[in-house]
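Novice: Contents of data-v4.csv (CSV, N, CA and C atoms):
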```csv
chain,number,residue,atom,x,y,z
A,1,MET,N,9.5,-24.2,15.7
A,1,MET,CA,10.0,-25.5,15.3
A,1,MET,C,8.9,-26.6,15.2
A,2,SER,N,7.9,-26.5,16.0
A,2,SER,CA,6.8,-27.4,15.9
A,2,SER,C,6.1,-27.4,14.6
A,3,ALA,N,6.0,-26.2,14.0
A,3,ALA,CA,5.4,-26.1,12.7
A,3,ALA,C,6.2,-26.9,11.6
A,4,GLN,N,7.5,-26.8,11.7
A,4,GLN,CA,8.4,-27.6,10.8
A,4,GLN,C,8.2,-29.1,11.1
A,5,TYR,N,8.1,-29.5,12.3
A,5,TYR,CA,7.9,-30.9,12.6
A,5,TYR,C,6.5,-31.4,12.1
A,6,GLN,N,5.5,-30.5,12.2
A,6,GLN,CA,4.2,-30.9,11.6
A,6,GLN,C,4.2,-31.1,10.1
A,7,ARG,N,5.0,-30.1,9.5
A,7,ARG,CA,5.1,-30.2,8.0
A,7,ARG,C,5.9,-31.5,7.6
A,8,PHE,N,6.9,-31.8,8.4
A,8,PHE,CA,7.7,-33.0,8.1
A,8,PHE,C,6.8,-34.3,8.3
A,9,LEU,N,6.0,-34.3,9.3
A,9,LEU,CA,5.1,-35.5,9.5
A,9,LEU,C,4.1,-35.6,8.3
A,10,LYS,N,3.6,-34.5,7.8
A,10,LYS,CA,2.7,-34.5,6.6
A,10,LYS,C,3.4,-35.1,5.4
A,11,VAL,N,4.7,-34.7,5.2
A,11,VAL,CA,5.4,-35.2,4.1
A,11,VAL,C,5.7,-36.7,4.2
A,12,LEU,N,5.9,-37.1,5.4
A,12,LEU,CA,6.2,-38.5,5.6
A,12,LEU,C,5.0,-39.4,5.4
A,13,GLU,N,3.8,-38.8,5.6
A,13,GLU,CA,2.6,-39.6,5.3
A,13,GLU,C,2.5,-39.9,3.8
A,14,LYS,N,3.0,-39.0,3.0
A,14,LYS,CA,3.0,-39.2,1.5
A,14,LYS,C,4.0,-40.1,1.1
A,15,TRP,N,5.1,-40.3,1.9
A,15,TRP,CA,6.2,-41.1,1.5
A,15,TRP,C,6.4,-42.3,2.5
A,16,PRO,N,5.6,-43.4,2.3
A,16,PRO,CA,5.7,-44.5,3.3
A,16,PRO,C,7.0,-45.3,3.1
A,17,ALA,N,7.5,-45.9,4.1
A,17,ALA,CA,8.7,-46.7,4.0
A,17,ALA,C,8.4,-48.0,3.2
A,18,ASP,N,9.4,-48.4,2.4
A,18,ASP,CA,9.2,-49.6,1.5
A,18,ASP,C,9.8,-50.8,2.3
A,19,LYS,N,8.9,-51.7,2.7
A,19,LYS,CA,9.3,-52.8,3.5
A,19,LYS,C,10.2,-53.8,2.8
A,20,SER,N,10.2,-53.7,1.4
A,20,SER,CA,11.1,-54.6,0.7
A,20,SER,C,12.5,-54.2,0.6
A,21,LYS,N,12.8,-53.0,1.2
A,21,LYS,CA,14.1,-52.4,1.1
A,21,LYS,C,14.6,-52.0,2.5
A,22,VAL,N,14.4,-52.9,3.5
A,22,VAL,CA,14.8,-52.6,4.9
A,22,VAL,C,16.2,-52.2,5.0
A,23,GLY,N,16.6,-51.1,5.5
A,23,GLY,CA,17.9,-50.6,5.7
A,23,GLY,C,18.5,-49.9,4.5
A,24,ARG,N,17.8,-49.9,3.3
A,24,ARG,CA,18.2,-49.3,2.1
A,24,ARG,C,17.2,-48.4,1.5
A,25,ASP,N,16.1,-48.2,2.2
A,25,ASP,CA,15.0,-47.4,1.7
A,25,ASP,C,15.3,-45.9,1.9
A,26,LEU,N,15.0,-45.1,0.9
A,26,LEU,CA,15.3,-43.7,0.9
A,26,LEU,C,14.4,-43.0,2.0
A,27,GLY,N,13.1,-43.4,2.0
A,27,GLY,CA,12.2,-42.8,3.0
A,27,GLY,C,12.7,-43.0,4.5
A,28,GLU,N,13.2,-44.2,4.7
A,28,GLU,CA,13.8,-44.6,6.0
A,28,GLU,C,15.0,-43.7,6.3
A,29,GLN,N,15.8,-43.5,5.4
A,29,GLN,CA,17.0,-42.7,5.6
A,29,GLN,C,16.7,-41.2,5.8
A,30,ILE,N,15.7,-40.7,5.1
A,30,ILE,CA,15.2,-39.3,5.3
A,30,ILE,C,14.7,-39.2,6.7
A,31,ARG,N,13.9,-40.1,7.2
A,31,ARG,CA,13.3,-40.1,8.5
A,31,ARG,C,14.4,-40.0,9.6
A,32,LYS,N,15.5,-40.8,9.4
A,32,LYS,CA,16.6,-40.8,10.4
A,32,LYS,C,17.3,-39.5,10.4
A,33,HIS,N,17.5,-38.9,9.2
A,33,HIS,CA,18.3,-37.7,9.0
A,33,HIS,C,17.5,-36.5,9.7
A,34,ILE,N,16.3,-36.4,9.3
A,34,ILE,CA,15.5,-35.3,9.9
A,34,ILE,C,15.2,-35.4,11.4
A,35,ALA,N,15.1,-36.7,11.8
A,35,ALA,CA,14.9,-36.9,13.2
A,35,ALA,C,16.1,-36.4,14.0
A,36,THR,N,17.3,-36.7,13.5
A,36,THR,CA,18.5,-36.2,14.2
A,36,THR,C,18.6,-34.7,14.1
A,37,SER,N,18.1,-34.1,13.0
A,37,SER,CA,18.2,-32.6,12.8
A,37,SER,C,17.2,-32.0,13.8
A,38,LEU,N,16.1,-32.6,14.1
A,38,LEU,CA,15.1,-32.0,14.9
A,38,LEU,C,15.1,-32.5,16.4
A,39,ALA,N,16.2,-33.3,16.7
A,39,ALA,CA,16.2,-34.0,18.0
A,39,ALA,C,16.3,-33.0,19.2
A,40,ASN,N,17.1,-31.9,19.0
A,40,ASN,CA,17.3,-31.0,20.1
A,40,ASN,C,16.9,-29.6,19.6
A,41,PRO,N,15.7,-29.2,19.7
A,41,PRO,CA,15.3,-27.9,19.1
A,41,PRO,C,15.9,-26.7,19.8
A,42,ALA,N,16.3,-26.8,21.1
A,42,ALA,CA,17.0,-25.7,21.8
A,42,ALA,C,18.3,-25.4,21.2
A,43,SER,N,19.0,-26.3,20.6
A,43,SER,CA,20.3,-26.1,20.0
A,43,SER,C,20.3,-25.6,18.6
A,44,LEU,N,19.1,-25.5,18.0
A,44,LEU,CA,19.0,-25.0,16.6
A,44,LEU,C,19.1,-23.5,16.5
A,45,THR,N,20.1,-23.0,15.7
A,45,THR,CA,20.2,-21.6,15.5
A,45,THR,C,19.3,-21.2,14.3
A,46,SER,N,19.2,-20.0,14.1
A,46,SER,CA,18.3,-19.6,13.0
A,46,SER,C,18.8,-20.1,11.6
A,47,GLU,N,20.1,-20.2,11.5
A,47,GLU,CA,20.7,-20.7,10.3
A,47,GLU,C,20.4,-22.2,10.1
A,48,ALA,N,20.5,-23.0,11.2
A,48,ALA,CA,20.1,-24.4,11.2
A,48,ALA,C,18.7,-24.6,11.0
A,49,THR,N,17.8,-23.7,11.5
A,49,THR,CA,16.4,-23.8,11.3
A,49,THR,C,16.1,-23.6,9.8
A,50,ASP,N,16.7,-22.6,9.2
A,50,ASP,CA,16.5,-22.3,7.8
A,50,ASP,C,17.0,-23.6,7.0
A,51,ASN,N,18.1,-24.2,7.4
A,51,ASN,CA,18.6,-25.4,6.7
A,51,ASN,C,17.5,-26.5,6.7
A,52,VAL,N,17.0,-26.7,7.9
A,52,VAL,CA,15.9,-27.8,8.1
A,52,VAL,C,14.7,-27.4,7.2
A,53,THR,N,14.3,-26.2,7.2
A,53,THR,CA,13.2,-25.8,6.3
A,53,THR,C,13.5,-26.1,4.9
A,54,LYS,N,14.7,-25.8,4.4
A,54,LYS,CA,15.0,-26.1,3.0
A,54,LYS,C,15.0,-27.5,2.7
A,55,GLN,N,15.5,-28.4,3.7
A,55,GLN,CA,15.5,-29.8,3.5
A,55,GLN,C,14.0,-30.3,3.4
A,56,ILE,N,13.2,-29.8,4.3
A,56,ILE,CA,11.8,-30.3,4.3
A,56,ILE,C,11.1,-29.8,3.0
A,57,ASP,N,11.4,-28.6,2.5
A,57,ASP,CA,10.9,-28.2,1.2
A,57,ASP,C,11.3,-29.1,0.1
A,58,SER,N,12.6,-29.5,0.1
A,58,SER,CA,13.1,-30.4,-1.0
A,58,SER,C,12.4,-31.8,-0.9
A,59,ILE,N,12.3,-32.3,0.3
A,59,ILE,CA,11.6,-33.6,0.5
A,59,ILE,C,10.2,-33.5,0.0
A,60,GLU,N,9.5,-32.4,0.3
A,60,GLU,CA,8.1,-32.2,-0.1
A,60,GLU,C,8.0,-32.2,-1.6
A,61,ARG,N,8.9,-31.5,-2.3
A,61,ARG,CA,8.9,-31.5,-3.8
A,61,ARG,C,9.1,-32.9,-4.3
A,62,LEU,N,10.0,-33.7,-3.7
A,62,LEU,CA,10.2,-35.1,-4.1
A,62,LEU,C,8.9,-35.9,-3.9
A,63,ALA,N,8.3,-35.8,-2.7
A,63,ALA,CA,7.1,-36.6,-2.3
A,63,ALA,C,5.9,-36.3,-3.2
A,64,ASN,N,5.8,-35.0,-3.6
A,64,ASN,CA,4.7,-34.6,-4.5
A,64,ASN,C,5.0,-34.8,-6.0
A,65,ASN,N,6.2,-35.3,-6.3
A,65,ASN,CA,6.6,-35.5,-7.7
A,65,ASN,C,6.5,-34.2,-8.5
A,66,THR,N,6.9,-33.1,-8.0
A,66,THR,CA,6.7,-31.8,-8.6
A,66,THR,C,7.3,-31.8,-10.0
A,67,TYR,N,8.6,-32.2,-10.1
A,67,TYR,CA,9.3,-32.1,-11.4
A,67,TYR,C,8.9,-33.2,-12.3
A,68,GLY,N,8.4,-34.3,-11.8
A,68,GLY,CA,7.9,-35.4,-12.7
A,68,GLY,C,6.7,-35.0,-13.4
A,69,ARG,N,5.9,-34.2,-12.7
A,69,ARG,CA,4.6,-33.7,-13.3
A,69,ARG,C,4.9,-32.5,-14.2
A,70,LYS,N,5.9,-31.7,-13.8
A,70,LYS,CA,6.2,-30.5,-14.6
A,70,LYS,C,6.9,-30.9,-15.9
A,71,TYR,N,7.8,-31.9,-15.9
A,71,TYR,CA,8.5,-32.3,-17.1
A,71,TYR,C,8.1,-33.7,-17.4
A,72,ARG,N,7.0,-33.9,-18.0
A,72,ARG,CA,6.5,-35.3,-18.3
A,72,ARG,C,7.4,-36.0,-19.3
A,73,ARG,N,7.5,-37.3,-19.1
A,73,ARG,CA,8.3,-38.1,-20.0
A,73,ARG,C,7.5,-38.4,-21.2
A,74,ILE,N,8.1,-38.4,-22.4
A,74,ILE,CA,7.5,-38.7,-23.6
A,74,ILE,C,7.4,-40.3,-23.8
A,75,TYR,N,8.5,-40.9,-23.4
A,75,TYR,CA,8.7,-42.4,-23.7
A,75,TYR,C,8.7,-43.1,-22.3
A,76,ASP,N,8.3,-44.3,-22.3
A,76,ASP,CA,8.3,-45.2,-21.1
A,76,ASP,C,9.6,-46.0,-21.1
A,77,SER,N,10.4,-45.9,-22.1
A,77,SER,CA,11.6,-46.7,-22.1
A,77,SER,C,12.7,-46.2,-21.1
A,78,THR,N,13.5,-47.1,-20.7
A,78,THR,CA,14.6,-46.8,-19.7
A,78,THR,C,15.9,-47.3,-20.3
A,79,ALA,N,17.0,-46.9,-19.7
A,79,ALA,CA,18.3,-47.3,-20.1
A,79,ALA,C,18.5,-48.8,-19.9
A,80,THR,N,17.8,-49.4,-18.9
A,80,THR,CA,17.9,-50.8,-18.7
A,80,THR,C,16.9,-51.6,-19.5
A,81,GLY,N,15.9,-51.0,-20.1
A,81,GLY,CA,14.9,-51.7,-20.8
A,81,GLY,C,13.8,-52.2,-19.9
A,82,LEU,N,13.8,-52.0,-18.6
A,82,LEU,CA,12.9,-52.5,-17.7
A,82,LEU,C,11.8,-51.4,-17.4
A,83,SER,N,10.6,-51.9,-17.0
A,83,SER,CA,9.6,-50.9,-16.6
A,83,SER,C,9.9,-50.5,-15.1
A,84,ALA,N,9.1,-49.5,-14.6
A,84,ALA,CA,9.3,-49.1,-13.2
A,84,ALA,C,9.0,-50.2,-12.3
A,85,GLN,N,8.0,-51.0,-12.5
A,85,GLN,CA,7.6,-52.1,-11.6
A,85,GLN,C,8.8,-53.2,-11.6
A,86,GLN,N,9.3,-53.4,-12.8
A,86,GLN,CA,10.4,-54.4,-12.8
A,86,GLN,C,11.7,-53.9,-12.1
A,87,CYS,N,11.9,-52.6,-12.2
A,87,CYS,CA,13.1,-52.0,-11.5
A,87,CYS,C,12.9,-52.1,-10.0
A,88,ASN,N,11.6,-51.9,-9.5
A,88,ASN,CA,11.4,-52.1,-8.1
A,88,ASN,C,11.6,-53.5,-7.6
A,89,GLN,N,11.2,-54.5,-8.5
A,89,GLN,CA,11.4,-55.9,-8.1
A,89,GLN,C,12.9,-56.2,-8.1
A,90,VAL,N,13.6,-55.7,-9.0
A,90,VAL,CA,15.1,-56.0,-9.1
A,90,VAL,C,15.8,-55.4,-7.9
A,91,LEU,N,15.3,-54.2,-7.4
A,91,LEU,CA,16.0,-53.6,-6.3
A,91,LEU,C,15.5,-54.0,-5.0
A,92,SER,N,14.6,-55.0,-4.9
A,92,SER,CA,14.1,-55.5,-3.6
A,92,SER,C,15.2,-56.3,-2.9
A,93,SER,N,15.1,-56.3,-1.6
A,93,SER,CA,16.1,-57.1,-0.8
A,93,SER,C,16.1,-58.6,-1.1
A,94,GLU,N,14.9,-59.1,-1.4
A,94,GLU,CA,14.8,-60.5,-1.7
A,94,GLU,C,15.5,-60.9,-3.0
A,95,PHE,N,15.5,-60.0,-4.0
A,95,PHE,CA,16.2,-60.3,-5.3
A,95,PHE,C,17.7,-60.2,-5.1
A,96,LEU,N,18.1,-59.2,-4.3
A,96,LEU,CA,19.5,-59.0,-4.0
A,96,LEU,C,20.1,-60.2,-3.3
A,97,GLN,N,19.3,-60.7,-2.3
A,97,GLN,CA,19.7,-61.9,-1.6
A,97,GLN,C,19.8,-63.1,-2.5
A,98,TYR,N,18.8,-63.2,-3.4
A,98,TYR,CA,18.9,-64.3,-4.4
A,98,TYR,C,20.1,-64.2,-5.3
A,99,LEU,N,20.5,-63.0,-5.7
A,99,LEU,CA,21.7,-62.9,-6.5
A,99,LEU,C,23.0,-63.2,-5.7
A,100,ASN,N,23.0,-62.9,-4.4
A,100,ASN,CA,24.2,-63.2,-3.6
A,100,ASN,C,24.3,-64.7,-3.4
A,101,GLU,N,23.1,-65.4,-3.2
A,101,GLU,CA,23.2,-66.8,-3.1
A,101,GLU,C,23.6,-67.5,-4.4
A,102,ASP,N,23.1,-67.0,-5.5
A,102,ASP,CA,23.4,-67.5,-6.8
A,102,ASP,C,24.9,-67.4,-7.1
A,103,SER,N,25.5,-66.2,-6.7
A,103,SER,CA,26.9,-66.0,-7.0
A,103,SER,C,27.8,-66.9,-6.1
A,104,LYS,N,27.3,-67.2,-4.9
A,104,LYS,CA,28.1,-68.1,-4.0
A,104,LYS,C,28.0,-69.5,-4.5
A,105,LYS,N,26.9,-69.9,-5.1
A,105,LYS,CA,26.8,-71.3,-5.7
A,105,LYS,C,27.7,-71.4,-6.9
A,106,ARG,N,27.9,-70.4,-7.7
A,106,ARG,CA,28.8,-70.4,-8.8
A,106,ARG,C,30.3,-70.5,-8.5
A,107,LYS,N,30.6,-70.1,-7.3
A,107,LYS,CA,32.1,-70.1,-7.0
A,107,LYS,C,32.6,-71.4,-6.6
```
So, in terms of structure tokens, how does the structure I just supplied come out?
Specialist:
Amino acid sequence: MSAQYQRFLKVLEKWPADKSKVGRDLGEQIRKHIATSLANPASLTSEATDNVTKQIDSIERLANNTYGRKYRRIYDSTATGLSAQQCNQVLSSEFLQYLNEDSKKRK
């Protein structure tokens, strides 16, 4: 089990938590989920251990951008017409708070 925990820690080093999305960050949610999965190593059966290994493998592929590199995008366009940086700004907690305040003012 400690080998899995070490692998998990290495994956988390590649995937830092995004401070602009407190409570909504995927990295933060993954940390919570795996922490609960690894909380009591004595209660993990071999099936549960295999499941944790599969989850860590999946997270590692996401953190390494395996499929993003394997299947390169030809175009930089998106369905919204925004760049990746603009999408990050729009999804930030500050922008969502601004939208909520703006919608309250309009009512």
Novice: Which is closest to A:Ser37 among A:Ile59, A:Lys10, A:Thr66, A:Tyr5, if we use only C-alpha atoms?
Specialist: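 Smallest distance to A:Ser37 is found for A:Tyr5.
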Novice: Can you list, as a list in words, every protein, DNA or RNA residue that comes within 10 Å of A:Leu91 when you count only C-alpha atoms, leaving out same-chain residues fewer than 3 positions away?
Specialist: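 Close residues of A:Leu91: Ser20, Lys21, Arg24, Gln86, Cys87, Asn88, Glu94, Phe95 and Leu96 of chain A.
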Novice: Can you work out the spacing between atom C of A:Ile56 and atom CA of A:Leu12 in Å, to one decimal?
Specialist: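 Atom-to-atom, atom C of A:Ile56 and atom CA of A:Leu12 are spaced 10.3 Å apart.
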Novice: I'd like the interatomic distance between atom CA of A:Gln29 and atom CA of A:Asp102, to a tenth of an Å.
Specialist: 28.5 Å
Novice: Using only C-alpha atoms - which residues lie no farther than 12 Å from the point (14.6, -36.4, 10.2) in the file's frame? Write them as a list of chain:residue names.
Specialist: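 Within 12 Å of (14.6, -36.4, 10.2), the protein and nucleic acid residues are A:Gln4, A:Tyr5, A:Gln6, A:Arg7, A:Phe8, A:Leu9, A:Val11, A:Leu12, A:Leu26, A:Gly27, A:Glu28, A:Gln29, A:Ile30, A:Arg31, A:Lys32, A:His33, A:Ile34, A:Ala35, A:Thr36, A:Ser37, A:Leu38, A:Ala39, A:Asn40, A:Val52, A:Thr53, A:Gln55, A:Ile56, A:Ile59.
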Novice: Atom CA of A:Ala17 and atom CA of A:Asn65, how far apart in Å?
Specialist: 16.3 Å
Novice: With DSSP run on the backbone, what are the helix (DSSP H, G or I) residues within chain A? I'd like them as an MDAnalysis selection string.
Specialist: chainID A and resid 2:14 19:21 26:37 41:43 46:63 66:70 84:90 93:106
Novice: So, with only C-alpha atoms as the atoms that count, which of A:Ser83, A:Ser93, A:Trp15, A:Thr45 lies closest to A:Asn64?
Specialist: A:Trp15
Novice: I need the residue nearest A:Thr49 from this list: A:Ala3, A:Tyr67, A:Gln97, A:Val22. Use only C-alpha atoms for the distance.
Specialist: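 Once distances to A:Thr49 are computed over only C-alpha atoms, the minimum belongs to A:Ala3.
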